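Trainee: Okay, handing you the structure first.
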Amino acid sequence: MSTRQVSDRNDPQIDSRDDLVAPMQAGEKPKERWRIGTEHEKLVYRLSDHGAPSYEEPGGIHDLLMALTRYGWEPVVEGGKVIALSGSDGTVSLEPAGQLELSGAPLVNLHQTCAETGRHLKQVKEVGAELGLGFMGLGMWPDKTREVLPIMPKGRYEIMLRHMPRVGTMGLDMMLRTCTIQTNLDYASEADMVQKFRVSLALQPLATALFANSPFLEGKPNGFLSYRSHIWTDTDPHRTGMLPFVFEDGFGYERYVDYMLDVPMYFVFREGRYIDAAGLSFRDFLNGELSVLPGEKPTRSDWVDHLSTAFPEVRLKSYLEMRGADGGPWNRICALPAFWVGLLYDQGALDAAWDLVRDWSIEAQQKLRDDVPRMGLNAVAPDGRTLHQVAADVLDIASTGLTARDEVNSMGDNEVGFLKPLRDIVAEGKTPADRLLERFHGEWGGDISRVYAEKSF
């Protein structure tokens, strides 16, 4: 989630519906300006006892952030606390319980993306070794209860933590216990956005299956392969899910604006602080009738903030965000953008992917989304095949798309090699979570602590 730093007194007020559509229209770019943004979160733990470090403790999250400034990162302060870092590689930020996130810079190709990931992981590992901290790539904490996890000092999180239990049973789990990998991609026009949105939304359950990596809860198997994905099914029904309207005739920016106007608010940012507006209506805000700011109308930044508070499987802002994957190791952090870039950034591949999913009914897509967290690659797609079977075809399409891009590194390698971790998963027919469960029931002898050694960066 984005980190606001200042309130802009010159921020223009929203005066018309055109202002609501403007951020999405502003995202339109010619193909030569399309970029790749990759975000990934990781669990931070003390090497001494596997506990989750608090913000204030010696060697804790604050010390971690400050130590990273040696690499050129600049502190971002909120309420007198350093809560993020900014730099040429994007932003390092904190999730609610101290999960560390890199929101990478917009880059031209996957070689740059993977190099950026490598730089970041090298930095945190160097600092972690000094502070006694480790970093683990999983979709959620394998052994921690909510109660033992710390809370980071960010104003928006205080509001969300209060609000989540009012609207679902697992929102706090989403905030405190999960980690994801995300890819952000561009579009050329409204029509291009629509095609990419539909393809990526239909295939998001496949990404969830391929990256499923959260089979443990509080030290034991939880009955799911991606418990992180399952958590989203009862986090907040007003701002999550598969968005069936995306597949309706006439879908475009205006329809997404209508959806977002129906998403309840979380907050308004004023004078460096977050004002609790949880559950209130942005439509009321447009009319100057927001109870916490009576008579005041929203600015464009308020709307951009609001766009960041919906959590569907694919999200539209001034770019499209693919949100279905569990956290994982370095090679899968590189593989997720490879998967989506291969499918969406070459028109031939995009058309082939659309041909594959265009006849999938909304009801069948929803069933697939419901089945995937538990069944993974064994879930049945709307065309009657298992996702394991579908995956091979989709990876072939992605490979064709990456080949057509012809983005090569100094060794002459194109981007196709970044799909290899996913090819290996399909060849074996087992998700990462399946492999973890085999270890838990086999060589680990039911000892969940073994996961720290095996899944740390």
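Every chain in the structure tokens takes a letter, A first, then B, and so on in the order presented; its residues are numbered from 1, and the ligands are numbered from 1 following the presented order.
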As an MDAnalysis selection string, please: the residues near Glu116 of chain A (cut-off 10 Å, only C-alpha atoms, same-chain neighbours under 5 positions excluded).
Mentor: chainID A and resid 38 88:90 102 104:105 107 110:111 121:122 334
Trainee: Include N, CA and C atoms and write out the residues we just selected as a PDB file, in the first residue's frame.
Mentor:
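Full text of result01.pdb as output:
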ATOM      1  N   THR A  38       7.595  -4.250  -9.778  1.00  0.00           N
ATOM      2  CA  THR A  38       7.471  -5.475  -8.987  1.00  0.00           C
ATOM      3  C   THR A  38       7.528  -5.140  -7.508  1.00  0.00           C
ATOM      4  N   SER A  88      16.498   5.142  -5.542  1.00  0.00           N
ATOM      5  CA  SER A  88      16.456   4.882  -6.983  1.00  0.00           C
ATOM      6  C   SER A  88      15.823   3.541  -7.317  1.00  0.00           C
ATOM      7  N   ASP A  89      15.813   2.603  -6.364  1.00  0.00           N
ATOM      8  CA  ASP A  89      15.176   1.306  -6.583  1.00  0.00           C
ATOM      9  C   ASP A  89      13.736   1.269  -6.093  1.00  0.00           C
ATOM     10  N   GLY A  90      13.127   2.447  -5.879  1.00  0.00           N
ATOM     11  CA  GLY A  90      11.728   2.485  -5.477  1.00  0.00           C
ATOM     12  C   GLY A  90      11.551   2.878  -4.029  1.00  0.00           C
ATOM     13  N   LEU A 102       9.613  -4.241  -0.714  1.00  0.00           N
ATOM     14  CA  LEU A 102      10.218  -3.403  -1.729  1.00  0.00           C
ATOM     15  C   LEU A 102       9.185  -3.159  -2.818  1.00  0.00           C
ATOM     16  N   GLY A 104       9.326  -1.808  -6.156  1.00  0.00           N
ATOM     17  CA  GLY A 104      10.397  -1.493  -7.061  1.00  0.00           C
ATOM     18  C   GLY A 104      10.087  -0.361  -8.017  1.00  0.00           C
ATOM     19  N   ALA A 105      11.138   0.174  -8.613  1.00  0.00           N
ATOM     20  CA  ALA A 105      11.007   1.246  -9.594  1.00  0.00           C
ATOM     21  C   ALA A 105      10.412   0.703 -10.896  1.00  0.00           C
ATOM     22  N   LEU A 107      10.651  -0.339 -14.437  1.00  0.00           N
ATOM     23  CA  LEU A 107      11.831  -0.724 -15.203  1.00  0.00           C
ATOM     24  C   LEU A 107      11.461  -1.234 -16.586  1.00  0.00           C
ATOM     25  N   LEU A 110      12.868  -7.413 -17.666  1.00  0.00           N
ATOM     26  CA  LEU A 110      12.938  -8.329 -16.527  1.00  0.00           C
ATOM     27  C   LEU A 110      14.357  -8.517 -16.018  1.00  0.00           C
ATOM     28  N   HIS A 111      15.345  -8.334 -16.859  1.00  0.00           N
ATOM     29  CA  HIS A 111      16.733  -8.396 -16.393  1.00  0.00           C
ATOM     30  C   HIS A 111      16.968  -7.310 -15.341  1.00  0.00           C
ATOM     31  N   LEU A 121      17.774  -7.678  -1.833  1.00  0.00           N
ATOM     32  CA  LEU A 121      17.968  -8.823  -0.943  1.00  0.00           C
ATOM     33  C   LEU A 121      19.390  -8.861  -0.398  1.00  0.00           C
ATOM     34  N   LYS A 122      20.370  -8.482  -1.198  1.00  0.00           N
ATOM     35  CA  LYS A 122      21.755  -8.426  -0.718  1.00  0.00           C
ATOM     36  C   LYS A 122      21.881  -7.407   0.404  1.00  0.00           C
ATOM     37  N   CYS A 334      11.214 -13.017  -9.426  1.00  0.00           N
ATOM     38  CA  CYS A 334      11.500 -12.693 -10.824  1.00  0.00           C
ATOM     39  C   CYS A 334      10.512 -13.367 -11.777  1.00  0.00           C
TER      40      CYS A 334
END
Trainee: Skipping near chain neighbours, those fewer than 5 positions away, what residues fall within 10 Å of Thr400 of chain A using only C-alpha atoms, listed as a PyMOL selection string?
Mentor: chain A and resi 342-343+346+348-349+394-395+405+416
Trainee: Would you mind exporting the chosen residues as a short mmCIF file (atom, residue, chain, number, x, y, z; two decimals), in the first residue's frame, restricted to C-alpha atoms?
Mentor:
data_model
loop_
_atom_site.label_atom_id
_atom_site.label_comp_id
_atom_site.auth_asym_id
_atom_site.auth_seq_id
_atom_site.Cartn_x
_atom_site.Cartn_y
_atom_site.Cartn_z
CA GLY A 342 4.88 -12.51 -21.29
CA LEU A 343 1.08 -12.68 -21.40
CA ASP A 346 2.94 -8.70 -26.60
CA GLY A 348 -0.08 -11.82 -30.09
CA ALA A 349 0.34 -13.41 -26.67
CA VAL A 394 -0.39 -20.50 -20.57
CA LEU A 395 3.36 -20.75 -19.98
CA ARG A 405 9.90 -8.79 -26.83
CA VAL A 416 12.23 -16.48 -21.22
#
Trainee: Would you mind listing what lies within 10 Å of Ala310 of chain A as a ChimeraX atom specification, with only C-alpha atoms counted and same-chain residues fewer than 6 positions away left out?
Mentor: /A:236,238-241,259-260,263-266,316
Trainee: Take atom CA of Arg332 of chain A and atom CA of Ala427 of chain A and report the distance between them in Å, one decimal.
Mentor: 15.7 Å
Trainee: Counting only C-alpha atoms, which residues of segment 69-110 of chain A fall within 10 Å of segment 268-292 of chain A, and what is the closest atom pair for each with its distance in Å at one decimal, ordered by chain and rising number, as JSON lines?
Mentor:
{"residue": "A:Val77", "atom": "CA", "partner": "A:Gly272", "partner_atom": "CA", "distance": 9.7}
{"residue": "A:Glu78", "atom": "CA", "partner": "A:Gly272", "partner_atom": "CA", "distance": 7.1}
{"residue": "A:Gly79", "atom": "CA", "partner": "A:Gly272", "partner_atom": "CA", "distance": 7.5}
Trainee: Pull the strand (DSSP E) assignments for segment 48-192 of chain A out of DSSP run on the backbone, and list those residues as a ChimeraX atom specification.
Mentor: /A:74-78,81-87,90-94,100-103,133-136,180-185
Trainee: At a cut-off of 10 Å, using only C-alpha atoms, what residues contact Trp360 of chain A? Leave out same-chain residues fewer than 2 positions from it and give the result as a PyMOL selection string.
Mentor: chain A and resi 202+355-358+362-365+381-383
Trainee: Go ahead and write the residues just picked, C-alpha atoms, as a JSON list (two decimals), in the first residue's frame.
Mentor:
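Resulting contents of out_19.json:
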[["chain", "number", "residue", "atom", "x", "y", "z"],
["A", 202, "ALA", "CA", -9.43, -14.73, -15.42],
["A", 355, "ASP", "CA", -8.87, -16.72, -26.75],
["A", 356, "LEU", "CA", -8.12, -19.24, -24.01],
["A", 357, "VAL", "CA", -10.34, -17.59, -21.37],
["A", 358, "ARG", "CA", -12.95, -15.61, -23.33],
["A", 362, "ILE", "CA", -18.35, -15.65, -14.52],
["A", 363, "GLU", "CA", -19.78, -18.43, -12.37],
["A", 364, "ALA", "CA", -17.05, -20.89, -13.44],
["A", 365, "GLN", "CA", -14.36, -18.29, -12.81],
["A", 381, "ALA", "CA", -10.71, -24.62, -14.88],
["A", 382, "PRO", "CA", -13.90, -23.51, -16.65],
["A", 383, "ASP", "CA", -12.86, -25.41, -19.78]]
Trainee: As a PDB file with C-alpha atoms, in the first residue's frame, please: the residues near Phe216 of chain A (cut-off 10 Å, only C-alpha atoms, same-chain neighbours under 4 positions excluded).
Mentor:
ATOM      1  CA  LEU A 138       6.527 -17.428   2.368  1.00  0.00           C
ATOM      2  CA  GLY A 139       2.929 -16.407   1.828  1.00  0.00           C
ATOM      3  CA  MET A 140       2.261 -16.050   5.550  1.00  0.00           C
ATOM      4  CA  TRP A 141       3.740 -16.642   8.969  1.00  0.00           C
ATOM      5  CA  PRO A 142       3.925 -20.423   9.447  1.00  0.00           C
ATOM      6  CA  ASP A 143       3.874 -20.396  13.242  1.00  0.00           C
ATOM      7  CA  LYS A 144       2.780 -17.023  14.667  1.00  0.00           C
ATOM      8  CA  LYS A 220       0.532 -27.015  11.606  1.00  0.00           C
ATOM      9  CA  PRO A 221      -0.864 -27.694   8.122  1.00  0.00           C
ATOM     10  CA  ASN A 222      -3.973 -25.564   7.628  1.00  0.00           C
ATOM     11  CA  GLY A 223      -5.698 -27.630   4.931  1.00  0.00           C
ATOM     12  CA  PHE A 224      -4.869 -25.107   2.209  1.00  0.00           C
ATOM     13  CA  LEU A 225      -2.022 -24.615  -0.235  1.00  0.00           C
ATOM     14  CA  SER A 226      -2.499 -20.838  -0.327  1.00  0.00           C
ATOM     15  CA  TYR A 227      -4.014 -19.841   2.968  1.00  0.00           C
ATOM     16  CA  ALA A 433       3.126 -25.591  -0.827  1.00  0.00           C
ATOM     17  CA  LEU A 436       6.606 -27.874   1.891  1.00  0.00           C
ATOM     18  CA  LEU A 437       3.959 -30.273   3.164  1.00  0.00           C
ATOM     19  CA  PHE A 440       6.850 -31.258   7.041  1.00  0.00           C
ATOM     20  CA  ILE A 448       7.836 -26.310  11.739  1.00  0.00           C
TER      21      ILE A 448
END
Trainee: To one decimal place, how far is atom CA of Thr233 of chain A from atom CA of Tyr253 of chain A in Å?
Mentor: 25.2 Å
Trainee: Quick one: everything within 8 Å of Gly59 of chain A, counting only C-alpha atoms, minus sequence neighbours fewer than 2 positions away in the same chain. Send it as a count of residues only.
Mentor: 9
Trainee: Residues at most 10 Å from segment 27-35 of chain A, counting only C-alpha atoms, excluding those fewer than 2 positions away in the same chain, as a PyMOL selection string?
Mentor: chain A and resi 22-25+37+105-110+184-190+192-193+316-320+341+345-346
Trainee: Limited to N, CA and C atoms, could you put the picked residues into a file as a JSON list (two decimals), in the first residue's frame?
Mentor:
[["chain", "number", "residue", "atom", "x", "y", "z"],
["A", 22, "ALA", "N", -9.63, 10.70, -14.52],
["A", 22, "ALA", "CA", -8.33, 11.22, -14.94],
["A", 22, "ALA", "C", -7.13, 10.36, -14.56],
["A", 23, "PRO", "N", -7.04, 9.83, -13.32],
["A", 23, "PRO", "CA", -5.86, 9.02, -13.00],
["A", 23, "PRO", "C", -5.69, 7.80, -13.91],
["A", 24, "MET", "N", -6.80, 7.20, -14.30],
["A", 24, "MET", "CA", -6.74, 6.03, -15.17],
["A", 24, "MET", "C", -6.36, 6.43, -16.59],
["A", 25, "GLN", "N", -6.94, 7.52, -17.06],
["A", 25, "GLN", "CA", -6.58, 8.01, -18.39],
["A", 25, "GLN", "C", -5.11, 8.43, -18.43],
["A", 37, "GLY", "N", 6.73, -2.90, -12.88],
["A", 37, "GLY", "CA", 6.92, -2.64, -11.45],
["A", 37, "GLY", "C", 6.67, -3.91, -10.66],
["A", 105, "ALA", "N", 11.14, 0.17, -8.61],
["A", 105, "ALA", "CA", 11.01, 1.25, -9.59],
["A", 105, "ALA", "C", 10.41, 0.70, -10.90],
["A", 106, "PRO", "N", 9.78, 1.56, -11.71],
["A", 106, "PRO", "CA", 9.30, 1.11, -13.02],
["A", 106, "PRO", "C", 10.48, 0.90, -13.97],
["A", 107, "LEU", "N", 10.65, -0.34, -14.44],
["A", 107, "LEU", "CA", 11.83, -0.72, -15.20],
["A", 107, "LEU", "C", 11.46, -1.23, -16.59],
["A", 108, "VAL", "N", 12.43, -1.23, -17.48],
["A", 108, "VAL", "CA", 12.18, -1.54, -18.89],
["A", 108, "VAL", "C", 12.02, -3.03, -19.13],
["A", 109, "ASN", "N", 12.85, -3.85, -18.46],
["A", 109, "ASN", "CA", 12.82, -5.29, -18.76],
["A", 109, "ASN", "C", 13.02, -6.11, -17.50],
["A", 110, "LEU", "N", 12.87, -7.41, -17.67],
["A", 110, "LEU", "CA", 12.94, -8.33, -16.53],
["A", 110, "LEU", "C", 14.36, -8.52, -16.02],
["A", 184, "ASN", "N", 3.03, -4.78, -11.41],
["A", 184, "ASN", "CA", 2.28, -3.63, -11.89],
["A", 184, "ASN", "C", 2.66, -3.36, -13.34],
["A", 185, "LEU", "N", 1.66, -3.29, -14.22],
["A", 185, "LEU", "CA", 1.93, -3.16, -15.65],
["A", 185, "LEU", "C", 1.07, -2.08, -16.29],
["A", 186, "ASP", "N", 1.53, -1.57, -17.42],
["A", 186, "ASP", "CA", 0.92, -0.45, -18.12],
["A", 186, "ASP", "C", -0.05, -0.89, -19.22],
["A", 187, "TYR", "N", -0.76, 0.09, -19.76],
["A", 187, "TYR", "CA", -1.67, -0.14, -20.88],
["A", 187, "TYR", "C", -1.60, 1.07, -21.81],
["A", 188, "ALA", "N", -1.99, 0.86, -23.06],
["A", 188, "ALA", "CA", -1.88, 1.91, -24.08],
["A", 188, "ALA", "C", -3.13, 2.75, -24.20],
["A", 189, "SER", "N", -4.28, 2.17, -23.89],
["A", 189, "SER", "CA", -5.56, 2.82, -24.12],
["A", 189, "SER", "C", -6.61, 2.17, -23.22],
["A", 190, "GLU", "N", -7.80, 2.71, -23.22],
["A", 190, "GLU", "CA", -8.88, 2.11, -22.43],
["A", 190, "GLU", "C", -9.18, 0.70, -22.94],
["A", 192, "ASP", "N", -7.14, -1.35, -24.46],
["A", 192, "ASP", "CA", -6.02, -2.21, -24.08],
["A", 192, "ASP", "C", -6.11, -2.57, -22.60],
["A", 193, "MET", "N", -6.47, -1.58, -21.77],
["A", 193, "MET", "CA", -6.65, -1.86, -20.35],
["A", 193, "MET", "C", -7.71, -2.92, -20.13],
["A", 316, "LEU", "N", -7.04, -1.58, -10.58],
["A", 316, "LEU", "CA", -6.74, -0.52, -11.54],
["A", 316, "LEU", "C", -6.48, 0.78, -10.81],
["A", 317, "LYS", "N", -5.35, 1.38, -11.10],
["A", 317, "LYS", "CA", -5.07, 2.77, -10.69],
["A", 317, "LYS", "C", -4.66, 3.51, -11.96],
["A", 318, "SER", "N", -3.42, 3.96, -12.04],
["A", 318, "SER", "CA", -2.90, 4.46, -13.32],
["A", 318, "SER", "C", -2.10, 3.37, -14.01],
["A", 319, "TYR", "N", -2.24, 2.16, -13.54],
["A", 319, "TYR", "CA", -1.67, 0.94, -14.09],
["A", 319, "TYR", "C", -2.47, -0.21, -13.52],
["A", 320, "LEU", "N", -2.23, -1.41, -14.02],
["A", 320, "LEU", "CA", -2.91, -2.61, -13.53],
["A", 320, "LEU", "C", -1.99, -3.36, -12.58],
["A", 341, "VAL", "N", 4.21, -10.26, -17.83],
["A", 341, "VAL", "CA", 4.75, -9.52, -18.97],
["A", 341, "VAL", "C", 4.66, -10.35, -20.24],
["A", 345, "TYR", "N", 2.26, -8.08, -22.49],
["A", 345, "TYR", "CA", 3.01, -7.01, -23.17],
["A", 345, "TYR", "C", 3.32, -7.31, -24.63],
["A", 346, "ASP", "N", 2.84, -8.41, -25.16],
["A", 346, "ASP", "CA", 2.94, -8.70, -26.60],
["A", 346, "ASP", "C", 1.52, -8.96, -27.09]]
Trainee: Of the candidates A:Glu95, A:Glu158, A:Glu130, A:Asp302, which one gets nearest to Leu20 of chain A if we count only C-alpha atoms?
Mentor: A:Asp302
Trainee: I'd like the interatomic distance between atom CA of Gln112 of chain A and atom CA of Ile36 of chain A, to a tenth of an Å.
Mentor: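 So the two atoms, atom CA of Gln112 of chain A and atom CA of Ile36 of chain A, lie 9.3 Å apart.
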